[in-house]
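Trainee: Sharing target28.tsv here; it has TSV, C-alpha atoms and all ligand atoms.
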chain	number	residue	atom	x	y	z
A	1	MET	CA	-24.36	-22.13	-20.08
A	2	ASN	CA	-25.94	-18.80	-19.05
A	3	LEU	CA	-23.37	-18.26	-16.39
A	4	LEU	CA	-20.50	-18.29	-18.89
A	5	LYS	CA	-22.44	-15.94	-21.14
A	6	SER	CA	-22.74	-13.49	-18.25
A	7	TYR	CA	-18.97	-13.56	-17.63
A	8	SER	CA	-18.24	-13.11	-21.29
A	9	GLN	CA	-20.68	-10.15	-21.49
A	10	CYS	CA	-18.98	-8.63	-18.49
A	11	LEU	CA	-15.58	-8.88	-20.23
A	12	ALA	CA	-16.98	-7.44	-23.46
A	13	LYS	CA	-18.38	-4.47	-21.52
A	14	LEU	CA	-15.01	-3.84	-19.87
A	15	GLN	CA	-13.33	-3.97	-23.26
A	16	ASN	CA	-15.84	-1.47	-24.68
A	17	GLU	CA	-15.21	0.93	-21.84
A	18	GLY	CA	-11.43	0.70	-22.14
A	19	LEU	CA	-11.29	-0.93	-18.70
A	20	TYR	CA	-10.22	-4.47	-19.64
A	21	ARG	CA	-7.29	-5.68	-17.52
A	22	GLU	CA	-4.41	-7.93	-18.49
A	23	CYS	CA	-1.30	-9.09	-16.68
A	24	ALA	CA	1.70	-6.84	-17.31
A	25	LYS	CA	4.16	-7.97	-19.97
A	26	HIS	CA	7.47	-9.44	-18.90
A	27	LEU	CA	10.23	-6.89	-18.67
A	28	THR	CA	12.18	-8.95	-21.18
A	29	SER	CA	9.28	-9.33	-23.66
A	30	GLU	CA	9.27	-7.72	-27.10
A	31	TYR	CA	9.38	-4.30	-25.43
A	32	LYS	CA	12.92	-4.67	-24.02
A	33	ILE	CA	12.23	-2.58	-20.96
A	34	ASN	CA	15.39	-1.09	-19.50
A	35	LEU	CA	13.95	1.64	-17.32
A	36	ASP	CA	11.42	0.48	-14.76
A	37	PHE	CA	9.16	3.00	-13.02
A	38	SER	CA	6.48	0.37	-12.34
A	39	THR	CA	8.16	-1.70	-9.63
A	40	THR	CA	7.40	-1.12	-5.96
A	41	ASP	CA	10.92	-2.31	-5.06
A	42	TYR	CA	11.45	1.28	-3.97
A	43	MET	CA	14.69	0.68	-2.05
A	44	SER	CA	16.06	-1.61	-4.80
A	45	LEU	CA	16.61	-4.44	-2.34
A	46	GLY	CA	15.23	-7.18	-4.60
A	47	GLN	CA	18.68	-7.97	-6.00
A	48	ASN	CA	20.67	-7.10	-2.90
A	49	PRO	CA	23.49	-9.69	-2.67
A	50	THR	CA	23.58	-9.85	1.16
A	51	LEU	CA	19.85	-10.40	1.30
A	52	LYS	CA	19.96	-13.09	-1.36
A	53	THR	CA	22.70	-14.95	0.52
A	54	LYS	CA	20.69	-14.83	3.77
A	55	VAL	CA	17.58	-16.09	1.97
A	56	ILE	CA	19.46	-18.95	0.30
A	57	SER	CA	20.91	-20.06	3.62
A	58	ALA	CA	17.43	-19.92	5.24
A	59	LEU	CA	16.05	-21.96	2.34
A	60	GLN	CA	18.80	-24.55	2.77
A	61	LYS	CA	18.32	-24.71	6.52
A	62	PHE	CA	14.51	-24.63	6.75
A	63	GLY	CA	13.33	-25.91	3.37
A	64	THR	CA	10.66	-24.68	1.01
A	65	GLY	CA	7.30	-24.43	2.74
A	66	ALA	CA	6.08	-23.85	6.29
A	67	CYS	CA	3.46	-26.59	5.81
A	68	GLY	CA	1.38	-25.62	8.79
A	69	SER	CA	-0.45	-22.65	10.26
A	70	ARG	CA	1.05	-20.48	13.00
A	71	LEU	CA	-1.36	-21.97	15.52
A	72	LEU	CA	-0.93	-25.64	14.71
A	73	ALA	CA	2.53	-26.40	13.36
A	74	HIS	CA	5.71	-25.60	15.24
A	75	THR	CA	7.51	-22.88	13.30
A	76	THR	CA	11.23	-22.36	12.98
A	77	GLY	CA	11.13	-19.36	15.31
A	78	ILE	CA	12.43	-16.88	12.77
A	79	VAL	CA	8.95	-15.34	12.52
A	80	ASP	CA	9.05	-14.51	16.25
A	81	VAL	CA	12.40	-12.81	15.76
A	82	LEU	CA	10.88	-10.75	12.94
A	83	GLU	CA	7.82	-9.82	15.01
A	84	ASN	CA	10.07	-8.69	17.88
A	85	ALA	CA	12.16	-6.59	15.50
A	86	ILE	CA	9.00	-4.92	14.17
A	87	SER	CA	7.49	-4.13	17.56
A	88	ASP	CA	10.88	-2.78	18.74
A	89	ALA	CA	11.19	-0.50	15.72
A	90	LYS	CA	7.57	0.62	15.86
A	91	ASN	CA	7.54	1.26	19.65
A	92	THR	CA	4.55	-1.01	20.16
A	93	GLN	CA	3.93	-3.87	22.58
A	94	ALA	CA	3.42	-6.41	19.82
A	95	ALA	CA	3.62	-7.17	16.12
A	96	MET	CA	2.25	-9.90	13.86
A	97	VAL	CA	3.32	-11.26	10.49
A	98	PHE	CA	0.74	-12.43	7.93
A	99	GLY	CA	0.91	-14.38	4.67
A	100	SER	CA	-0.27	-11.37	2.65
A	101	ALA	CA	-0.87	-7.71	3.38
A	102	PHE	CA	-4.09	-7.81	1.37
A	103	ALA	CA	-5.40	-10.71	3.46
A	104	LEU	CA	-4.19	-8.97	6.61
A	105	ASN	CA	-6.21	-5.82	5.89
A	106	THR	CA	-9.33	-7.70	4.92
A	107	THR	CA	-9.41	-10.18	7.76
A	108	VAL	CA	-7.98	-8.01	10.55
A	109	ILE	CA	-10.49	-5.25	9.80
A	110	ALA	CA	-13.33	-7.78	9.65
A	111	ALA	CA	-12.20	-9.26	12.98
A	112	LEU	CA	-11.96	-5.86	14.65
A	113	LEU	CA	-15.42	-4.92	13.40
A	114	ASN	CA	-17.04	-8.05	14.87
A	115	ASN	CA	-20.32	-6.68	16.21
A	116	GLU	CA	-21.02	-9.75	18.32
A	117	VAL	CA	-17.81	-9.08	20.22
A	118	LEU	CA	-18.38	-5.33	20.33
A	119	GLY	CA	-22.05	-5.60	21.28
A	120	GLU	CA	-22.98	-2.77	18.86
A	121	THR	CA	-22.69	-2.20	15.13
A	122	PRO	CA	-19.40	-0.38	14.59
A	123	ILE	CA	-19.21	2.79	12.51
A	124	VAL	CA	-16.26	3.10	10.15
A	125	PHE	CA	-14.97	6.46	8.93
A	126	ALA	CA	-12.86	5.74	5.88
A	127	ASP	CA	-10.86	7.98	3.58
A	128	LYS	CA	-12.45	7.93	0.11
A	129	PHE	CA	-9.27	6.51	-1.45
A	130	ILE	CA	-8.33	3.66	0.92
A	131	HIS	CA	-7.07	0.44	-0.63
A	132	ALA	CA	-9.49	-2.25	-1.88
A	133	SER	CA	-8.21	-4.69	0.78
A	134	MET	CA	-9.46	-2.40	3.58
A	135	ILE	CA	-12.85	-1.88	1.96
A	136	ALA	CA	-13.20	-5.64	1.55
A	137	GLY	CA	-12.65	-5.99	5.33
A	138	VAL	CA	-15.44	-3.55	6.13
A	139	GLN	CA	-17.71	-5.29	3.62
A	140	LEU	CA	-17.10	-8.63	5.32
A	141	SER	CA	-18.47	-7.16	8.54
A	142	LYS	CA	-21.84	-5.69	9.43
A	143	ALA	CA	-20.33	-2.27	10.12
A	144	LYS	CA	-21.76	0.97	8.79
A	145	MET	CA	-19.19	2.71	6.57
A	146	LEU	CA	-18.99	6.46	5.99
A	147	ARG	CA	-16.46	7.82	3.50
A	148	TYR	CA	-14.80	11.18	4.06
A	149	LYS	CA	-13.27	13.24	1.25
A	150	HIS	CA	-9.70	12.24	0.53
A	151	LEU	CA	-7.37	13.55	3.29
A	152	ASP	CA	-10.05	16.09	4.31
A	153	LEU	CA	-9.87	16.02	8.11
A	154	GLU	CA	-12.50	18.77	8.41
A	155	HIS	CA	-14.93	16.49	6.64
A	156	LEU	CA	-13.84	13.59	8.85
A	157	GLU	CA	-14.52	15.71	11.94
A	158	THR	CA	-17.96	16.74	10.64
A	159	LEU	CA	-18.86	13.06	10.32
A	160	LEU	CA	-17.36	12.15	13.71
A	161	LYS	CA	-19.33	15.00	15.32
A	162	ARG	CA	-22.54	13.77	13.75
A	163	TYR	CA	-22.11	10.40	15.49
A	164	LYS	CA	-20.51	11.73	18.65
A	165	ASN	CA	-23.38	10.74	20.93
A	166	TYR	CA	-23.85	7.30	19.41
A	167	LYS	CA	-22.59	4.47	21.62
A	168	ASN	CA	-21.39	2.47	18.60
A	169	PRO	CA	-17.64	1.79	18.51
A	170	LYS	CA	-15.91	4.03	15.98
A	171	PHE	CA	-13.01	3.22	13.67
A	172	ILE	CA	-10.97	5.48	11.39
A	173	LEU	CA	-9.25	3.88	8.38
A	174	SER	CA	-6.58	5.59	6.30
A	175	GLU	CA	-3.39	4.96	4.41
A	176	THR	CA	-0.38	6.95	5.57
A	177	LEU	CA	0.97	7.43	2.04
A	178	PHE	CA	-1.69	6.90	-0.59
A	179	SER	CA	-0.68	4.34	-3.16
A	180	VAL	CA	-1.97	5.93	-6.37
A	181	ASP	CA	-1.94	9.59	-5.33
A	182	GLY	CA	1.39	9.82	-3.55
A	183	ASP	CA	0.13	12.14	-0.80
A	184	PHE	CA	0.46	11.76	2.98
A	185	VAL	CA	-2.05	11.73	5.79
A	186	ASP	CA	-1.70	14.51	8.38
A	187	PHE	CA	-0.51	12.33	11.30
A	188	ALA	CA	-0.92	15.02	13.96
A	189	GLY	CA	-4.42	15.85	12.71
A	190	ILE	CA	-5.76	12.32	12.35
A	191	THR	CA	-4.34	11.09	15.68
A	192	HIS	CA	-5.86	14.16	17.38
A	193	LEU	CA	-9.31	13.42	15.91
A	194	ALA	CA	-9.09	9.73	16.83
A	195	SER	CA	-8.39	10.53	20.48
A	196	LYS	CA	-10.88	13.43	20.60
A	197	TYR	CA	-13.74	11.20	19.39
A	198	GLY	CA	-12.55	7.95	20.97
A	199	ALA	CA	-12.13	6.18	17.62
A	200	PHE	CA	-9.84	3.22	16.92
A	201	LEU	CA	-7.20	4.44	14.46
A	202	TYR	CA	-6.13	1.90	11.81
A	203	LEU	CA	-3.39	2.96	9.39
A	204	ASP	CA	-1.87	1.31	6.32
A	205	GLU	CA	1.76	2.24	5.62
A	206	ALA	CA	2.33	-0.26	2.78
A	207	HIS	CA	3.96	2.30	0.48
A	208	GLU	CA	5.74	4.29	3.16
A	209	ILE	CA	7.78	1.65	4.95
A	210	GLY	CA	11.48	1.69	4.16
A	211	LEU	CA	11.40	5.25	2.84
A	212	TYR	CA	10.01	7.62	5.44
A	213	GLY	CA	10.17	8.28	9.16
A	214	ASP	CA	12.96	7.75	11.63
A	215	LYS	CA	15.40	5.12	10.21
A	216	GLY	CA	12.90	4.40	7.42
A	217	TYR	CA	10.54	2.62	9.80
A	218	GLY	CA	7.54	4.78	8.91
A	219	MET	CA	6.26	8.07	10.23
A	220	SER	CA	3.85	6.32	12.60
A	221	VAL	CA	6.84	5.69	14.91
A	222	ASN	CA	6.47	9.22	16.25
A	223	TYR	CA	2.79	8.66	17.05
A	224	SER	CA	2.90	5.07	18.26
A	225	ASN	CA	0.97	5.75	21.48
A	226	LYS	CA	-1.83	7.43	19.48
A	227	ILE	CA	-2.30	4.80	16.77
A	228	ASP	CA	-4.18	1.63	17.66
A	229	LEU	CA	-2.85	-0.43	14.79
A	230	VAL	CA	-0.49	0.26	11.91
A	231	MET	CA	0.02	-2.32	9.18
A	232	GLY	CA	2.30	-2.56	6.20
A	233	SER	CA	3.51	-4.82	3.44
A	234	PHE	CA	6.84	-6.57	2.96
A	235	SER	CA	6.22	-6.69	-0.79
A	236	LYS	CA	7.08	-3.10	-1.66
A	237	GLY	CA	9.99	-1.13	-0.15
A	238	LEU	CA	11.18	-4.29	1.65
A	239	ALA	CA	11.26	-6.43	-1.52
A	240	SER	CA	9.93	-9.54	0.17
A	241	PHE	CA	6.40	-10.87	0.61
A	242	GLY	CA	3.65	-10.81	3.24
A	243	GLY	CA	2.22	-8.28	5.66
A	244	TYR	CA	2.84	-7.10	9.22
A	245	LEU	CA	1.02	-5.12	11.84
A	246	ALA	CA	2.17	-3.38	15.01
A	247	THR	CA	-0.26	-2.96	17.87
A	248	SER	CA	-0.92	-3.63	21.57
A	249	SER	CA	-0.56	-7.09	23.15
A	250	LEU	CA	-4.30	-7.16	23.79
A	251	ILE	CA	-5.20	-6.59	20.13
A	252	LYS	CA	-2.59	-9.15	19.08
A	253	ASN	CA	-4.05	-11.77	21.41
A	254	TYR	CA	-7.53	-10.95	20.15
A	255	LEU	CA	-6.43	-11.36	16.51
A	256	VAL	CA	-4.62	-14.64	17.21
A	257	ASN	CA	-8.00	-15.89	18.43
A	258	LYS	CA	-10.37	-14.19	16.00
A	259	CYS	CA	-8.63	-13.28	12.74
A	260	SER	CA	-9.46	-15.83	10.04
A	261	SER	CA	-6.42	-15.51	7.74
A	262	PHE	CA	-4.04	-15.77	10.70
A	263	ILE	CA	-5.79	-18.87	12.04
A	264	TYR	CA	-6.82	-20.72	8.88
A	265	SER	CA	-3.94	-20.06	6.48
A	266	ASN	CA	-0.45	-21.52	6.39
A	267	ALA	CA	2.48	-19.62	7.83
A	268	LEU	CA	4.91	-18.03	5.37
A	269	PRO	CA	7.90	-20.19	4.38
A	270	SER	CA	10.93	-19.40	6.54
A	271	TYR	CA	13.05	-18.20	3.61
A	272	VAL	CA	10.39	-15.55	2.87
A	273	VAL	CA	10.37	-14.55	6.53
A	274	ALA	CA	14.18	-14.42	6.38
A	275	ALA	CA	13.98	-12.04	3.40
A	276	SER	CA	11.58	-9.80	5.35
A	277	TYR	CA	13.69	-9.93	8.51
A	278	HIS	CA	17.04	-9.15	6.88
A	279	SER	CA	15.44	-6.47	4.75
A	280	TRP	CA	13.88	-4.95	7.88
A	281	ARG	CA	17.31	-4.96	9.54
A	282	LEU	CA	18.95	-3.33	6.51
A	283	ILE	CA	16.48	-0.44	6.27
A	284	PRO	CA	18.06	1.94	8.85
A	285	ALA	CA	21.37	1.90	6.95
A	286	LEU	CA	19.76	3.23	3.77
A	287	ASP	CA	19.68	6.97	4.50
A	288	LYS	CA	21.67	7.75	1.36
A	289	GLN	CA	19.15	5.92	-0.82
A	290	ARG	CA	16.22	7.64	0.91
A	291	LYS	CA	17.78	11.04	0.32
A	292	LYS	CA	18.40	10.24	-3.32
A	293	ILE	CA	14.85	8.95	-3.93
A	294	LYS	CA	13.36	12.08	-2.36
A	295	SER	CA	15.55	14.38	-4.37
A	296	LEU	CA	14.79	12.58	-7.67
A	297	ALA	CA	11.08	12.57	-6.86
A	298	LEU	CA	11.20	16.31	-6.26
A	299	THR	CA	12.96	16.83	-9.60
A	300	LEU	CA	10.34	14.72	-11.36
A	301	ARG	CA	7.40	16.48	-9.72
A	302	GLU	CA	8.77	19.95	-10.41
A	303	HIS	CA	9.49	19.21	-14.07
A	304	LEU	CA	6.08	17.62	-14.59
A	305	LYS	CA	4.30	20.52	-12.91
A	306	ALA	CA	6.27	23.04	-14.97
A	307	LYS	CA	5.15	21.22	-18.13
A	308	GLY	CA	1.52	21.41	-16.99
A	309	PHE	CA	0.97	17.73	-16.11
A	310	ASP	CA	-1.68	16.99	-13.48
A	311	ILE	CA	0.21	15.18	-10.72
A	312	LYS	CA	-2.50	15.78	-8.10
A	313	ASN	CA	-1.04	16.60	-4.67
A	314	SER	CA	1.79	14.10	-4.80
A	315	ASN	CA	4.65	14.99	-2.50
A	316	SER	CA	6.40	11.63	-2.42
A	317	HIS	CA	8.23	9.11	-4.59
A	318	ILE	CA	4.86	8.02	-6.02
A	319	VAL	CA	3.89	10.44	-8.76
A	320	PRO	CA	0.61	10.10	-10.66
A	321	ILE	CA	0.11	11.62	-14.08
A	322	VAL	CA	-3.62	12.02	-14.49
A	323	LEU	CA	-4.81	11.70	-18.07
A	324	LYS	CA	-8.48	11.08	-17.21
A	325	ASN	CA	-9.32	8.95	-20.25
A	326	PRO	CA	-8.65	5.19	-19.75
A	327	GLU	CA	-7.82	4.45	-23.42
A	328	LYS	CA	-5.41	7.38	-23.60
A	329	THR	CA	-3.75	6.16	-20.41
A	330	ILE	CA	-3.16	2.69	-21.82
A	331	GLN	CA	-1.95	4.11	-25.14
A	332	LEU	CA	0.62	6.28	-23.41
A	333	ARG	CA	1.78	3.38	-21.23
A	334	ASP	CA	2.28	1.30	-24.39
A	335	LEU	CA	4.14	4.07	-26.22
A	336	LEU	CA	6.49	4.36	-23.25
A	337	ARG	CA	7.02	0.59	-23.37
A	338	LEU	CA	8.25	0.99	-26.93
A	339	ASP	CA	10.79	3.48	-25.57
A	340	GLY	CA	11.92	0.81	-23.10
A	341	ILE	CA	10.18	2.50	-20.16
A	342	ALA	CA	7.78	0.65	-17.83
A	343	VAL	CA	5.15	2.63	-15.89
A	344	SER	CA	1.92	1.45	-14.26
A	345	ALA	CA	-1.51	2.43	-15.59
A	346	PHE	CA	-4.49	2.78	-13.23
A	347	ARG	CA	-8.09	2.95	-14.40
A	348	PRO	CA	-11.48	2.70	-12.65
A	349	PRO	CA	-12.42	1.02	-10.40
A	350	SER	CA	-8.85	1.24	-9.00
A	351	VAL	CA	-9.18	5.03	-9.25
A	352	PRO	CA	-12.32	7.23	-9.48
A	353	THR	CA	-14.05	7.69	-12.84
A	354	ASN	CA	-12.38	10.21	-15.10
A	355	SER	CA	-9.08	10.06	-13.23
A	356	SER	CA	-7.22	7.30	-15.09
A	357	ARG	CA	-3.53	7.80	-14.67
A	358	LEU	CA	-0.01	6.57	-15.01
A	359	ARG	CA	1.88	5.98	-11.80
A	360	ILE	CA	5.58	6.71	-11.73
A	361	ALA	CA	7.42	5.13	-8.81
A	362	ILE	CA	10.94	6.32	-8.12
A	363	ASN	CA	13.41	3.81	-6.73
A	364	ALA	CA	16.95	3.87	-5.40
A	365	LYS	CA	18.48	2.76	-8.72
A	366	HIS	CA	17.12	5.65	-10.77
A	367	THR	CA	19.31	8.52	-11.89
A	368	LYS	CA	18.56	12.10	-12.84
A	369	GLU	CA	19.18	11.16	-16.49
A	370	ASN	CA	16.48	8.46	-16.20
A	371	ILE	CA	14.00	11.04	-14.93
A	372	LEU	CA	14.85	13.52	-17.68
A	373	PHE	CA	14.52	10.79	-20.31
A	374	LEU	CA	11.09	9.83	-18.99
A	375	ILE	CA	9.94	13.46	-19.05
A	376	ASP	CA	11.30	13.89	-22.55
A	377	ARG	CA	9.39	10.85	-23.84
A	378	LEU	CA	6.19	11.90	-22.05
A	379	CYS	CA	6.38	15.38	-23.59
A	380	HIS	CA	7.13	13.90	-27.00
A	381	HIS	CA	4.13	11.55	-26.96
A	382	LEU	CA	1.75	14.18	-25.62
A	383	ASN	CA	3.06	17.02	-27.80
A	384	VAL	CA	3.85	19.15	-24.78
B	1	LIG	C1	-2.17	0.49	0.37
B	1	LIG	C2	-2.02	-0.99	0.17
B	1	LIG	N1	-2.30	-1.80	1.19
B	1	LIG	C3	-2.17	-3.13	1.08
B	1	LIG	C4	-1.77	-3.72	-0.10
B	1	LIG	C5	-1.62	-5.21	-0.20
B	1	LIG	O1	-0.26	-5.52	-0.18
B	1	LIG	P1	0.29	-6.92	-0.72
B	1	LIG	O2	0.40	-6.75	-2.20
B	1	LIG	O3	1.62	-7.04	-0.08
B	1	LIG	O4	-0.68	-7.97	-0.34
B	1	LIG	C6	-1.46	-2.91	-1.19
B	1	LIG	C7	-1.02	-3.54	-2.48
B	1	LIG	O5	-1.02	-3.03	-3.51
B	1	LIG	C8	-1.58	-1.50	-1.06
B	1	LIG	O6	-1.30	-0.69	-2.08
Could you take the file, read its structure, and then write that structure out as structure tokens?
Ligand SMILES: Cc1ncc(COP(=O)(O)O)c(C=O)c1O
Mentor:
Amino acid sequence: MNLLKSYSQCLAKLQNEGLYRECAKHLTSEYKINLDFSTTDYMSLGQNPTLKTKVISALQKFGTGACGSRLLAHTTGIVDVLENAISDAKNTQAAMVFGSAFALNTTVIAALLNNEVLGETPIVFADKFIHASMIAGVQLSKAKMLRYKHLDLEHLETLLKRYKNYKNPKFILSETLFSVDGDFVDFAGITHLASKYGAFLYLDEAHEIGLYGDKGYGMSVNYSNKIDLVMGSFSKGLASFGGYLATSSLIKNYLVNKCSSFIYSNALPSYVVAASYHSWRLIPALDKQRKKIKSLALTLREHLKAKGFDIKNSNSHIVPIVLKNPEKTIQLRDLLRLDGIAVSAFRPPSVPTNSSRLRIAINAKHTKENILFLIDRLCHHLNV
């Protein structure tokens, strides 16, 4: 069949270019990983005993699946408690919980960009490095998308100025902490531009939640009246699963009526919602862990910079090591695996051409010795 030949040629091409992807090995596979810098369980809540007990009791009480969508089946109510907790913490009128943060981004953005509802084709101004799930949302719509240079608000303003007199609704899309670069958006700057040019500001804080901002609830909390919608994921610092957004009641009501993955997909099982809720409640108490993560991340960044590694402009717990070449990146990841160290490797199209990299993610369980061991092994393998 020609179709199968095409898929197989596609895979052969990826292999040739060093861009072939495979699922990560199990931590307990032949590599015997004992130091994990690949997990996004940043706050190390995945094995938290209190959380596990709460989840088990929710599982026993509510059972395994939700078996119905939020609009059709009567839920256990725990999801409403979670949504209230999120809107309280985020200082917004409303919040919503979704089955997946990826699906949230894609379908919420597509719903917001509905040009039949808006009466004009929307124009989207998107940071060059936003996550694939946000781009997919724009692509599902008929919106015009303009990309501004990563975190370059002067460039964003140049583009906004160019379209200033157009009647088309304008949207700005950015992450707050970029997932493979580890750098932050300038909140004051981007909120200022959004209000100056009357654009809808949509922010993704998937990698920030739990670690930054007042009580760990994200830096957007200080700008809540200037951000139209902020979304995040439960699957990273909160060690659960699913996505959330915080917004106005009007936008929530609109999405309940027009957002496909909220309407046409099953609700999350209650035990998953329980994990998210109890994790959300635990977050403010984790100041000590946040302080430790930030201090270890600083140590890592300073050592790597001193050794001449290219860590881009990371100033967070996410630290890229740019090696450029995809094969070299995979080789180094595999050599580290043999040392018992897990790191993530990113290659195009996840990152721009010639910027393949390892991503080191610091979490609350790491120690200074772990960081020094990682640096030692990196230097050894790269002859630094
Ligand atoms: C910035 C960003 N947004 C959204 C998502 C999707 O999150 P989830 O994996 O919880 O669906 C990811 C996942 O990697 C991400 O990095």
Trainee: For Gly63 in chain A, which residue out of A:Thr92, A:Asn168, A:Asn383, A:Ser270 is the nearest one, using only C-alpha atoms?
Mentor: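 Result for the nearest residue to Gly63 in chain A: A:Ser270.
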Trainee: Nearest to Ser355 in chain A: which of A:Asp287, A:Asp228, A:Asp310, A:Asp80 is it, counting all atoms listed in the file?
Mentor: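 Of the candidates, the smallest distance to Ser355 in chain A is held by A:Asp310.
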Trainee: Select all residues near (-1.3, 10.9, -3.4) (cut-off 9 Å, inclusive, file coordinates), counting only C-alpha atoms, and output them as a PDB file with C-alpha atoms, in the coordinates of the input.
Mentor:
ATOM      1  CA  LEU A 177       0.970   7.430   2.040  1.00  0.00           C
ATOM      2  CA  PHE A 178      -1.690   6.900  -0.590  1.00  0.00           C
ATOM      3  CA  SER A 179      -0.680   4.340  -3.160  1.00  0.00           C
ATOM      4  CA  VAL A 180      -1.970   5.930  -6.370  1.00  0.00           C
ATOM      5  CA  ASP A 181      -1.940   9.590  -5.330  1.00  0.00           C
ATOM      6  CA  GLY A 182       1.390   9.820  -3.550  1.00  0.00           C
ATOM      7  CA  ASP A 183       0.130  12.140  -0.800  1.00  0.00           C
ATOM      8  CA  PHE A 184       0.460  11.760   2.980  1.00  0.00           C
ATOM      9  CA  ILE A 311       0.210  15.180 -10.720  1.00  0.00           C
ATOM     10  CA  LYS A 312      -2.500  15.780  -8.100  1.00  0.00           C
ATOM     11  CA  ASN A 313      -1.040  16.600  -4.670  1.00  0.00           C
ATOM     12  CA  SER A 314       1.790  14.100  -4.800  1.00  0.00           C
ATOM     13  CA  ASN A 315       4.650  14.990  -2.500  1.00  0.00           C
ATOM     14  CA  SER A 316       6.400  11.630  -2.420  1.00  0.00           C
ATOM     15  CA  ILE A 318       4.860   8.020  -6.020  1.00  0.00           C
ATOM     16  CA  VAL A 319       3.890  10.440  -8.760  1.00  0.00           C
ATOM     17  CA  PRO A 320       0.610  10.100 -10.660  1.00  0.00           C
TER      18      PRO A 320
END
Trainee: I'd like to know which of A:Leu336, A:Ser133, A:Asp186, A:Tyr197 is closest to Thr158 in chain A, using all atoms listed in the file.
Mentor: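 Of the candidates, the smallest distance to Thr158 in chain A is held by A:Tyr197.
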Trainee: Hey, can you check how far CA of Phe37 in chain A sits from CA of Ser276 in chain A?
Mentor: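 So the two atoms, CA of Phe37 in chain A and CA of Ser276 in chain A, lie 22.5 Å apart.
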Trainee: Using all atoms listed in the file, which residue out of A:Ser233, A:Thr75, A:Asn354, A:Ser249 lies closest to ligand LIG 1 (chain B)?
Mentor: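 That would be A:Ser233, the residue with the smallest distance to ligand LIG 1 (chain B).
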Trainee: Within 7 Å of ligand LIG 1 (chain B), which residues show up when you count only C-alpha atoms and all ligand atoms? List them as a PyMOL selection string, please.
Mentor: chain A and resi 100-103+105+130-131+133+175+178-179+204-207+232-236+241-243
Trainee: What does the distance between CA of Gly137 in chain A and CA of Val351 in chain A come to in Å, to one decimal place?
Mentor: 18.6 Å
Trainee: Do you know which residues are at most 9 Å from Gly216 in chain A counting only C-alpha atoms, after dropping those on the same chain fewer than 3 positions away, and could you put them as a ChimeraX atom specification?
Mentor: /A:208-213,219,283-287,290
Trainee: With all atoms listed in the file as the counted atoms, please give the residues lying no more than 8 Å from Tyr202 in chain A, apart from itself and same-chain residues fewer than 3 positions off, as number ranges by chain.
Mentor: A: 171-174, 227-231
Trainee: Between A:Lys258, A:Lys291, A:His192, A:Arg301, which one has atoms that come closest to Val117 in chain A, using all atoms listed in the file?
Mentor: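 For Val117 in chain A, the nearest of the candidates is A:Lys258.
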Trainee: Provide an axis-aligned box for all listed atoms of range 32-40 of chain A, padding each side by 5 Å; report its centre and its edge lengths in Å to one decimal, as JSON.
Mentor:
{"center_x": 10.9, "center_y": -0.8, "center_z": -15.0, "size_x": 18.9, "size_y": 17.7, "size_z": 28.1}
Trainee: Residues within 8 Å of range 42-59 of chain A, please, as an MDAnalysis selection string. Count all atoms listed in the file; anything in the same chain fewer than 4 positions from it doesn't count.
Mentor: chainID A and resid 63:64 210:211 236:240 270:272 274:275 278:279 289:290 361:365
Trainee: Neighbours of Lys32 in chain A within 12 Å (all atoms listed in the file; same-chain residues fewer than 5 positions away dropped), as a list of chain:residue names?
Mentor: A:Lys25, A:His26, A:Leu27, A:Leu336, A:Arg337, A:Leu338, A:Asp339, A:Gly340, A:Ile341, A:Ala342
Trainee: When you draw a straight line from CA of His155 in chain A to CA of Ala110 in chain A, how long is it in Å?
Mentor: 24.5 Å
Trainee: For Val185 in chain A, which residue out of A:Leu153, A:Ile86, A:Cys67, A:Met145 is the nearest one, using only C-alpha atoms?
Mentor: A:Leu153
Trainee: Find the residues near range 119-121 of chain A: any atom within 8 Å, counting all atoms listed in the file, skip ones fewer than 6 places away on the same chain, and give them as an MDAnalysis selection string.
Mentor: chainID A and resid 113 142:144 167:169
Trainee: Can you tell me, as a ChimeraX atom specification, which residues sit within 12 Å of (-14.0, -7.1, 22.1) in the file's frame, using all atoms listed in the file?
Mentor: /A:111-120,122,169,250-255,257-258
